[in-house]
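Quick look at start_19.cif (mmCIF, C-alpha atoms):
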```
data_upload
#
loop_
_atom_site.group_PDB
_atom_site.id
_atom_site.type_symbol
_atom_site.label_atom_id
_atom_site.label_comp_id
_atom_site.auth_asym_id
_atom_site.auth_seq_id
_atom_site.Cartn_x
_atom_site.Cartn_y
_atom_site.Cartn_z
ATOM 1 C CA GLN H 1 142.866 91.840 52.085
ATOM 2 C CA SER H 2 145.440 92.613 54.809
ATOM 3 C CA HIS H 3 148.225 91.224 56.957
ATOM 4 C CA LEU H 4 145.550 91.128 59.688
ATOM 5 C CA ALA H 5 144.126 88.000 58.056
ATOM 6 C CA TRP H 6 147.101 86.146 59.612
ATOM 7 C CA LEU H 7 146.167 87.204 63.172
ATOM 8 C CA LYS H 8 145.890 83.637 64.490
ATOM 9 C CA GLN H 9 149.368 82.745 63.249
ATOM 10 C CA VAL H 10 151.249 85.854 64.370
ATOM 11 C CA SER H 11 149.631 85.733 67.823
ATOM 12 C CA GLY H 12 149.890 81.973 68.344
ATOM 13 C CA PRO H 13 152.448 79.212 68.900
ATOM 14 C CA LEU H 14 153.787 79.375 65.336
ATOM 15 C CA ALA H 15 155.189 82.835 66.052
ATOM 16 C CA ARG H 16 157.074 81.525 69.080
ATOM 17 C CA GLU H 17 158.867 78.972 66.918
ATOM 18 C CA PHE H 18 159.473 80.909 63.704
ATOM 19 C CA ARG H 19 160.139 84.482 62.698
ATOM 20 C CA LEU H 20 156.946 85.541 60.893
ATOM 21 C CA VAL H 21 156.883 88.573 58.611
ATOM 22 C CA THR H 22 153.550 89.790 57.231
ATOM 23 C CA TYR H 23 152.829 92.852 55.125
ATOM 24 C CA ASP H 24 150.054 94.609 53.233
ATOM 25 C CA VAL H 25 150.434 94.432 49.461
ATOM 26 C CA ARG H 26 150.112 97.687 47.554
ATOM 27 C CA GLY H 27 146.615 99.109 47.504
ATOM 28 C CA HIS H 28 145.631 97.220 50.656
ATOM 29 C CA GLY H 29 145.633 97.747 54.419
ATOM 30 C CA ASP H 30 148.140 100.376 55.524
ATOM 31 C CA SER H 31 150.246 100.272 52.341
ATOM 32 C CA ASP H 32 150.213 103.040 49.746
ATOM 33 C CA LYS H 33 147.213 103.048 47.433
ATOM 34 C CA PRO H 34 148.075 104.529 44.043
ATOM 35 C CA LEU H 35 145.019 104.318 41.809
ATOM 36 C CA GLU H 36 146.685 104.153 38.393
ATOM 37 C CA ALA H 37 146.347 100.799 36.582
ATOM 38 C CA PRO H 38 150.082 100.159 35.880
ATOM 39 C CA PHE H 39 150.767 99.763 39.612
ATOM 40 C CA TYR H 40 148.578 96.650 39.622
ATOM 41 C CA ARG H 41 148.783 95.280 36.090
ATOM 42 C CA GLU H 42 152.551 95.128 35.564
ATOM 43 C CA PRO H 43 154.041 91.855 36.902
ATOM 44 C CA GLU H 44 157.479 93.369 37.485
ATOM 45 C CA ARG H 45 156.012 95.779 40.028
ATOM 46 C CA TRP H 46 154.615 92.876 42.085
ATOM 47 C CA ALA H 47 157.928 91.057 41.739
ATOM 48 C CA GLY H 48 159.778 94.124 42.965
ATOM 49 C CA GLU H 49 157.440 94.498 45.921
ATOM 50 C CA VAL H 50 158.121 90.967 47.198
ATOM 51 C CA ASP H 51 161.850 91.437 46.655
ATOM 52 C CA ALA H 52 161.765 94.745 48.547
ATOM 53 C CA VAL H 53 160.178 93.066 51.577
ATOM 54 C CA ILE H 54 162.698 90.199 51.514
ATOM 55 C CA GLN H 55 165.647 92.569 51.218
ATOM 56 C CA GLY H 56 164.275 95.211 53.560
ATOM 57 C CA MET H 57 163.596 92.712 56.337
ATOM 58 C CA GLY H 58 166.953 90.982 55.893
ATOM 59 C CA LEU H 59 165.398 87.599 55.106
ATOM 60 C CA ARG H 60 167.764 84.866 53.954
ATOM 61 C CA ARG H 61 166.182 82.024 51.961
ATOM 62 C CA PRO H 62 162.747 82.631 53.466
ATOM 63 C CA VAL H 63 159.708 80.386 53.344
ATOM 64 C CA LEU H 64 156.991 82.210 51.382
ATOM 65 C CA VAL H 65 153.443 81.452 52.555
ATOM 66 C CA PHE H 66 150.874 83.084 50.292
ATOM 67 C CA TRP H 67 147.118 83.019 50.007
ATOM 68 C CA SER H 68 144.593 83.565 47.222
ATOM 69 C CA TYR H 69 145.716 86.456 44.933
ATOM 70 C CA GLY H 70 149.063 86.204 46.700
ATOM 71 C CA GLY H 71 149.717 83.205 44.473
ATOM 72 C CA ARG H 72 149.833 85.518 41.478
ATOM 73 C CA ILE H 73 152.102 87.983 43.254
ATOM 74 C CA VAL H 74 154.613 85.303 44.259
ATOM 75 C CA LEU H 75 154.568 83.768 40.781
ATOM 76 C CA ASP H 76 155.314 87.234 39.384
ATOM 77 C CA TYR H 77 158.306 87.250 41.727
ATOM 78 C CA ILE H 78 159.384 83.778 40.563
ATOM 79 C CA SER H 79 159.050 84.838 36.927
ATOM 80 C CA HIS H 80 161.482 87.714 37.454
ATOM 81 C CA HIS H 81 163.797 86.484 40.230
ATOM 82 C CA GLY H 82 163.566 82.689 40.179
ATOM 83 C CA ASP H 83 163.517 80.604 43.375
ATOM 84 C CA ALA H 84 167.245 80.427 44.192
ATOM 85 C CA GLY H 85 166.819 82.872 47.071
ATOM 86 C CA LEU H 86 163.957 80.916 48.651
ATOM 87 C CA SER H 87 163.754 77.712 50.674
ATOM 88 C CA VAL H 88 160.082 76.618 50.516
ATOM 89 C CA LEU H 89 156.855 77.805 48.872
ATOM 90 C CA VAL H 90 153.477 77.289 50.549
ATOM 91 C CA PHE H 91 150.422 77.780 48.324
ATOM 92 C CA VAL H 92 147.326 78.422 50.467
ATOM 93 C CA ASN H 93 144.173 78.297 48.325
ATOM 94 C CA ALA H 94 146.426 80.243 45.987
ATOM 95 C CA THR H 95 145.520 81.518 42.534
ATOM 96 C CA THR H 96 147.844 80.081 39.883
ATOM 97 C CA ARG H 97 145.641 80.362 36.801
ATOM 98 C CA SER H 98 142.483 82.191 35.750
ATOM 99 C CA ASP H 99 139.751 80.373 33.876
ATOM 100 C CA PRO H 100 136.245 79.069 34.669
ATOM 101 C CA THR H 101 137.444 75.510 35.354
ATOM 102 C CA VAL H 102 139.151 76.620 38.581
ATOM 103 C CA GLN H 103 136.905 79.498 39.674
ATOM 104 C CA GLY H 104 134.169 78.906 42.231
ATOM 105 C CA PRO H 105 130.600 80.231 42.406
ATOM 106 C CA ALA H 106 131.584 83.131 44.694
ATOM 107 C CA THR H 107 133.977 84.646 42.145
ATOM 108 C CA PRO H 108 131.352 87.005 40.603
ATOM 109 C CA LEU H 109 131.085 88.773 43.973
ATOM 110 C CA LEU H 110 134.451 90.346 43.245
ATOM 111 C CA LEU H 111 132.821 92.507 40.576
ATOM 112 C CA GLY H 112 130.576 94.191 43.144
ATOM 113 C CA MET H 113 133.674 95.014 45.202
ATOM 114 C CA THR H 114 134.893 97.263 42.357
ATOM 115 C CA ARG H 115 131.827 99.512 42.559
ATOM 116 C CA GLY H 116 132.199 103.066 43.807
ATOM 117 C CA ASP H 117 128.762 103.032 45.444
ATOM 118 C CA PRO H 118 129.525 102.312 49.130
ATOM 119 C CA ALA H 119 126.357 100.297 49.810
ATOM 120 C CA THR H 120 126.960 98.000 46.826
ATOM 121 C CA ASN H 121 130.609 97.622 47.754
ATOM 122 C CA VAL H 122 129.909 96.795 51.400
ATOM 123 C CA ASP H 123 127.230 94.267 50.450
ATOM 124 C CA ALA H 124 129.505 92.533 47.940
ATOM 125 C CA THR H 125 132.470 92.525 50.322
ATOM 126 C CA THR H 126 130.337 91.118 53.142
ATOM 127 C CA SER H 127 129.008 88.400 50.857
ATOM 128 C CA LEU H 128 132.514 87.475 49.736
ATOM 129 C CA LEU H 129 133.737 87.261 53.319
ATOM 130 C CA ARG H 130 130.833 85.004 54.213
ATOM 131 C CA ALA H 131 131.790 82.828 51.236
ATOM 132 C CA CYS H 132 135.412 82.599 52.424
ATOM 133 C CA THR H 133 134.627 80.032 55.114
ATOM 134 C CA ALA H 134 132.601 76.847 55.024
ATOM 135 C CA GLN H 135 131.436 77.370 58.610
ATOM 136 C CA PRO H 136 129.818 80.776 59.318
ATOM 137 C CA LEU H 137 132.077 83.470 60.713
ATOM 138 C CA ALA H 138 131.178 84.852 64.118
ATOM 139 C CA GLU H 139 129.799 88.379 63.859
ATOM 140 C CA GLU H 140 132.869 89.893 65.537
ATOM 141 C CA GLU H 141 135.113 88.070 63.056
ATOM 142 C CA LEU H 142 133.050 89.327 60.139
ATOM 143 C CA ARG H 143 133.239 92.932 61.410
ATOM 144 C CA TYR H 144 136.998 92.591 61.902
ATOM 145 C CA MET H 145 137.518 91.379 58.325
ATOM 146 C CA LEU H 146 135.063 93.843 56.806
ATOM 147 C CA ALA H 147 136.960 96.734 58.419
ATOM 148 C CA PHE H 148 140.291 95.948 56.772
ATOM 149 C CA ASN H 149 138.718 94.906 53.468
ATOM 150 C CA MET H 150 137.000 98.269 53.140
ATOM 151 C CA LEU H 151 140.390 100.012 53.270
ATOM 152 C CA VAL H 152 140.910 98.932 49.647
ATOM 153 C CA PRO H 153 139.660 101.585 47.184
ATOM 154 C CA PRO H 154 137.315 100.229 44.487
ATOM 155 C CA PRO H 155 139.641 101.328 41.628
ATOM 156 C CA VAL H 156 142.395 99.157 43.113
ATOM 157 C CA ARG H 157 140.168 96.085 42.974
ATOM 158 C CA ALA H 158 139.099 97.002 39.426
ATOM 159 C CA ASN H 159 142.737 97.214 38.344
ATOM 160 C CA LEU H 160 143.443 93.763 39.809
ATOM 161 C CA ALA H 161 140.683 92.162 37.755
ATOM 162 C CA GLY H 162 141.307 90.577 34.385
ATOM 163 C CA ARG H 163 145.096 90.545 34.570
ATOM 164 C CA PRO H 164 146.640 87.759 32.431
ATOM 165 C CA ALA H 165 147.686 84.684 34.427
ATOM 166 C CA ALA H 166 150.172 82.760 32.299
ATOM 167 C CA TYR H 167 152.080 81.089 35.119
ATOM 168 C CA GLU H 168 152.667 77.546 33.849
ATOM 169 C CA GLY H 169 156.279 78.352 32.991
ATOM 170 C CA ALA H 170 156.945 79.790 36.427
ATOM 171 C CA LEU H 171 155.348 76.788 38.130
ATOM 172 C CA ARG H 172 157.363 74.304 36.092
ATOM 173 C CA SER H 173 160.589 76.204 36.751
ATOM 174 C CA LEU H 174 160.377 75.718 40.510
ATOM 175 C CA ARG H 175 163.082 73.637 42.180
ATOM 176 C CA VAL H 176 162.373 74.313 45.850
ATOM 177 C CA PRO H 177 159.911 72.110 47.790
ATOM 178 C CA ALA H 178 156.306 73.284 47.708
ATOM 179 C CA LEU H 179 153.325 72.599 49.953
ATOM 180 C CA VAL H 180 149.872 73.071 48.412
ATOM 181 C CA LEU H 181 147.153 73.553 51.052
ATOM 182 C CA HIS H 182 143.528 73.949 50.007
ATOM 183 C CA GLY H 183 140.058 73.881 51.513
ATOM 184 C CA GLU H 184 137.802 71.278 49.916
ATOM 185 C CA ARG H 185 134.797 73.633 50.050
ATOM 186 C CA ASP H 186 136.520 76.716 48.668
ATOM 187 C CA ALA H 187 133.842 78.716 46.811
ATOM 188 C CA ILE H 188 136.373 81.136 45.270
ATOM 189 C CA ASN H 189 139.261 78.955 44.064
ATOM 190 C CA LEU H 190 138.027 75.420 43.478
ATOM 191 C CA PRO H 191 140.176 72.441 44.560
ATOM 192 C CA ALA H 192 140.927 72.072 40.842
ATOM 193 C CA MET H 193 143.215 75.087 41.318
ATOM 194 C CA ALA H 194 145.311 73.124 43.816
ATOM 195 C CA ASP H 195 145.361 70.152 41.453
ATOM 196 C CA HIS H 196 146.656 72.399 38.667
ATOM 197 C CA THR H 197 149.397 73.739 40.936
ATOM 198 C CA THR H 198 150.437 70.293 42.133
ATOM 199 C CA ARG H 199 150.579 68.894 38.593
ATOM 200 C CA ASN H 200 152.890 71.663 37.434
ATOM 201 C CA VAL H 201 155.294 71.891 40.402
ATOM 202 C CA ARG H 202 157.767 69.030 40.480
ATOM 203 C CA ASN H 203 158.431 68.974 44.240
ATOM 204 C CA ALA H 204 154.877 69.592 45.459
ATOM 205 C CA ARG H 205 152.859 67.901 48.158
ATOM 206 C CA GLN H 206 149.117 68.610 48.395
ATOM 207 C CA ILE H 207 146.878 68.555 51.475
ATOM 208 C CA LEU H 208 143.122 69.044 51.101
ATOM 209 C CA TYR H 209 141.074 70.061 54.161
ATOM 210 C CA PRO H 210 137.590 68.463 54.202
ATOM 211 C CA GLY H 211 134.738 70.789 55.135
ATOM 212 C CA VAL H 212 136.959 73.892 54.946
ATOM 213 C CA GLY H 213 136.626 76.918 52.679
ATOM 214 C CA HIS H 214 138.968 79.588 51.317
ATOM 215 C CA MET H 215 140.706 80.370 54.627
ATOM 216 C CA PRO H 216 142.085 77.183 56.244
ATOM 217 C CA PHE H 217 144.496 79.248 58.364
ATOM 218 C CA TRP H 218 141.432 80.882 59.947
ATOM 219 C CA GLU H 219 138.948 77.979 60.002
ATOM 220 C CA VAL H 220 141.325 75.211 61.112
ATOM 221 C CA PRO H 221 144.435 77.018 62.365
ATOM 222 C CA GLU H 222 145.690 74.071 64.429
ATOM 223 C CA ALA H 223 145.650 71.696 61.439
ATOM 224 C CA PHE H 224 147.064 74.377 59.144
ATOM 225 C CA GLU H 225 149.959 75.165 61.478
ATOM 226 C CA ARG H 226 150.649 71.488 62.181
ATOM 227 C CA ASP H 227 150.904 70.691 58.480
ATOM 228 C CA LEU H 228 153.053 73.732 57.805
ATOM 229 C CA ARG H 229 155.381 72.920 60.712
ATOM 230 C CA ASP H 230 155.645 69.259 59.735
ATOM 231 C CA PHE H 231 156.499 70.126 56.153
ATOM 232 C CA LEU H 232 159.183 72.599 57.190
#
```
Same coordinates, now as structure tokens:
Amino acid sequence: QSHLAWLKQVSGPLAREFRLVTYDVRGHGDSDKPLEAPFYREPERWAGEVDAVIQGMGLRRPVLVFWSYGGRIVLDYISHHGDAGLSVLVFVNATTRSDPTVQGPATPLLLGMTRGDPATNVDATTSLLRACTAQPLAEEELRYMLAFNMLVPPPVRANLAGRPAAYEGALRSLRVPALVLHGERDAINLPAMADHTTRNVRNARQILYPGVGHMPFWEVPEAFERDLRDFL
């Protein structure tokens, strides 16, 4: 999606207490959007991207907070760089495996978001955004999210799909503390995804938010920020 998804955190009390760095991953938001498949299918490229942000921003042992597909990107980083340069990992409804046992009923909507036909793409993207929260988004919130989601070219989304997700080794290699936050009513990544993560990370603590969907940092920002702050 975009760094703009973290609006409530970067404009709220959390930002007054911590240095927050957000960025758009390749193909998204204001970042470059190469269309060739290797830019999205090669794990070392994602690993290098995270490392470039850490180094470029002068971050020393940062806390990485990552959401949804961001789980894959950070685990690509872990697979190539390990966790010695990090202090804490925070999985937020994060993808750590890919199979039907952890995928929710809204997952098929992602296919429509790869279509070149604008009407089909907009409809699928709108439906996915509606599925991201358990409580309906206000219309202005939906328009805000739709705007930055539509910056992603359909071929980019197509290249993201179907990438292997063999991350058990990376999860089990982790030594730093990890917080696993997940919405109980996530229709994209089921709570079983969080259970899988927690089982495989030795220093993990899990918090499940009742009545919350795929975006706890948007639906219940006060609870999300409290739990994050308390864990840190």
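When all atoms listed in the file are used to compute distances to Ala147 of chain H, the closest of the residues H:Gly29, H:Phe66, H:Pro13, H:Asn200 turns out to be H:Gly29.
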With the PyMOL selection byres ((chain H and resi 33) around 12) as the selection, what would be picked from this file? Answer as a PyMOL selection string, please. chain H and resi 24-32+34-37+39-40+151-157+159
Expand the PyMOL selection byres ((chain H and resi 77) around 8) into the explicit residue set it covers here, and present it as a PyMOL selection string. chain H and resi 43-44+46-48+50-51+73-76+78-82
Need to verify the contact set: Asp186 of chain H, 6 Å, all atoms listed in the file, exclusion of same-chain residues closer than 3 positions in sequence. Can you return it as an MDAnalysis selection string? chainID H and resid 183 189:190 213:214
Excluding Leu208 of chain H and any residue of its chain fewer than 3 positions from it, enumerate the residues within 10 Å of it, using only C-alpha atoms, and give them as an mmCIF file with C-alpha atoms, in the coordinates of the input.
```cif
data_model
loop_
_atom_site.group_PDB
_atom_site.id
_atom_site.type_symbol
_atom_site.label_atom_id
_atom_site.label_comp_id
_atom_site.auth_asym_id
_atom_site.auth_seq_id
_atom_site.Cartn_x
_atom_site.Cartn_y
_atom_site.Cartn_z
ATOM 1 C CA ASN H 93 144.173 78.297 48.325
ATOM 2 C CA VAL H 180 149.872 73.071 48.412
ATOM 3 C CA LEU H 181 147.153 73.553 51.052
ATOM 4 C CA HIS H 182 143.528 73.949 50.007
ATOM 5 C CA GLY H 183 140.058 73.881 51.513
ATOM 6 C CA GLU H 184 137.802 71.278 49.916
ATOM 7 C CA ARG H 185 134.797 73.633 50.050
ATOM 8 C CA PRO H 191 140.176 72.441 44.560
ATOM 9 C CA ALA H 194 145.311 73.124 43.816
ATOM 10 C CA ASP H 195 145.361 70.152 41.453
ATOM 11 C CA GLY H 211 134.738 70.789 55.135
ATOM 12 C CA VAL H 212 136.959 73.892 54.946
ATOM 13 C CA PRO H 216 142.085 77.183 56.244
#
```
Using only the atoms of segment 201-213 of chain H listed in the file, plus 5 Å on each side, state the axis-aligned box centre and edge lengths in Å rounded to one decimal, as lines of an AutoDock Vina configuration file.
```
center_x = 146.6
center_y = 72.4
center_z = 47.8
size_x = 33.7
size_y = 19.0
size_z = 24.7
```
Which residues of segment 3-71 of chain H come within 12 Å of segment 113-134 of chain H, and for each one, what is the closest pair of atoms and their distance in Å to one decimal, counting only C-alpha atoms, sorted by chain and residue number, as CSV?
```
residue,atom,partner,partner_atom,distance
H:Ala5,CA,H:Leu129,CA,11.4
H:Trp67,CA,H:Cys132,CA,12.0
H:Ser68,CA,H:Cys132,CA,10.6
```
Could the residues in this selection be saved with C-alpha atoms as an mmCIF file, in the coordinates of the input?
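That gives us result09.cif:
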```
data_model
loop_
_atom_site.group_PDB
_atom_site.id
_atom_site.type_symbol
_atom_site.label_atom_id
_atom_site.label_comp_id
_atom_site.auth_asym_id
_atom_site.auth_seq_id
_atom_site.Cartn_x
_atom_site.Cartn_y
_atom_site.Cartn_z
ATOM 1 C CA ALA H 5 144.126 88.000 58.056
ATOM 2 C CA TRP H 67 147.118 83.019 50.007
ATOM 3 C CA SER H 68 144.593 83.565 47.222
#
```
Report as a PDB file with C-alpha atoms, keeping the file's coordinate frame the residues that result from applying the PyMOL selection byres ((chain H and resi 19) around 12) to the structure here.
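That gives us expr21.pdb:
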```pdb
ATOM      1  CA  GLN H   9     149.368  82.745  63.249  1.00  0.00           C
ATOM      2  CA  VAL H  10     151.249  85.854  64.370  1.00  0.00           C
ATOM      3  CA  SER H  11     149.631  85.733  67.823  1.00  0.00           C
ATOM      4  CA  GLY H  12     149.890  81.973  68.344  1.00  0.00           C
ATOM      5  CA  PRO H  13     152.448  79.212  68.900  1.00  0.00           C
ATOM      6  CA  LEU H  14     153.787  79.375  65.336  1.00  0.00           C
ATOM      7  CA  ALA H  15     155.189  82.835  66.052  1.00  0.00           C
ATOM      8  CA  ARG H  16     157.074  81.525  69.080  1.00  0.00           C
ATOM      9  CA  GLU H  17     158.867  78.972  66.918  1.00  0.00           C
ATOM     10  CA  PHE H  18     159.473  80.909  63.704  1.00  0.00           C
ATOM     11  CA  LEU H  20     156.946  85.541  60.893  1.00  0.00           C
ATOM     12  CA  VAL H  21     156.883  88.573  58.611  1.00  0.00           C
ATOM     13  CA  THR H  22     153.550  89.790  57.231  1.00  0.00           C
ATOM     14  CA  MET H  57     163.596  92.712  56.337  1.00  0.00           C
ATOM     15  CA  GLY H  58     166.953  90.982  55.893  1.00  0.00           C
ATOM     16  CA  LEU H  59     165.398  87.599  55.106  1.00  0.00           C
ATOM     17  CA  ARG H  60     167.764  84.866  53.954  1.00  0.00           C
ATOM     18  CA  PRO H  62     162.747  82.631  53.466  1.00  0.00           C
ATOM     19  CA  VAL H  63     159.708  80.386  53.344  1.00  0.00           C
ATOM     20  CA  LEU H  64     156.991  82.210  51.382  1.00  0.00           C
TER      21      LEU H  64
END
```
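Picture a line from atom CA of Glu168 of chain H to atom CA of Arg72 of chain H; it runs 11.4 Å.
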Report, in Å with one decimal, the straight-line distance from atom CA of Leu110 of chain H to atom CA of Ala94 of chain H. 15.9 Å
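Proximity to Gly162 of chain H at 10 Å, evaluated using only C-alpha atoms and with sequence-adjacent residues fewer than 4 positions away removed, yields Arg41, Ser98 and Ala158 of chain H.
Atom CA of Ala138 of chain H is positioned 28.9 Å from atom CA of Gln206 of chain H.
Proximity of H:Pro164, H:Arg97, H:Asp230, H:Gly70 to Gln1 of chain H, computed with only C-alpha atoms, is greatest for H:Gly70.
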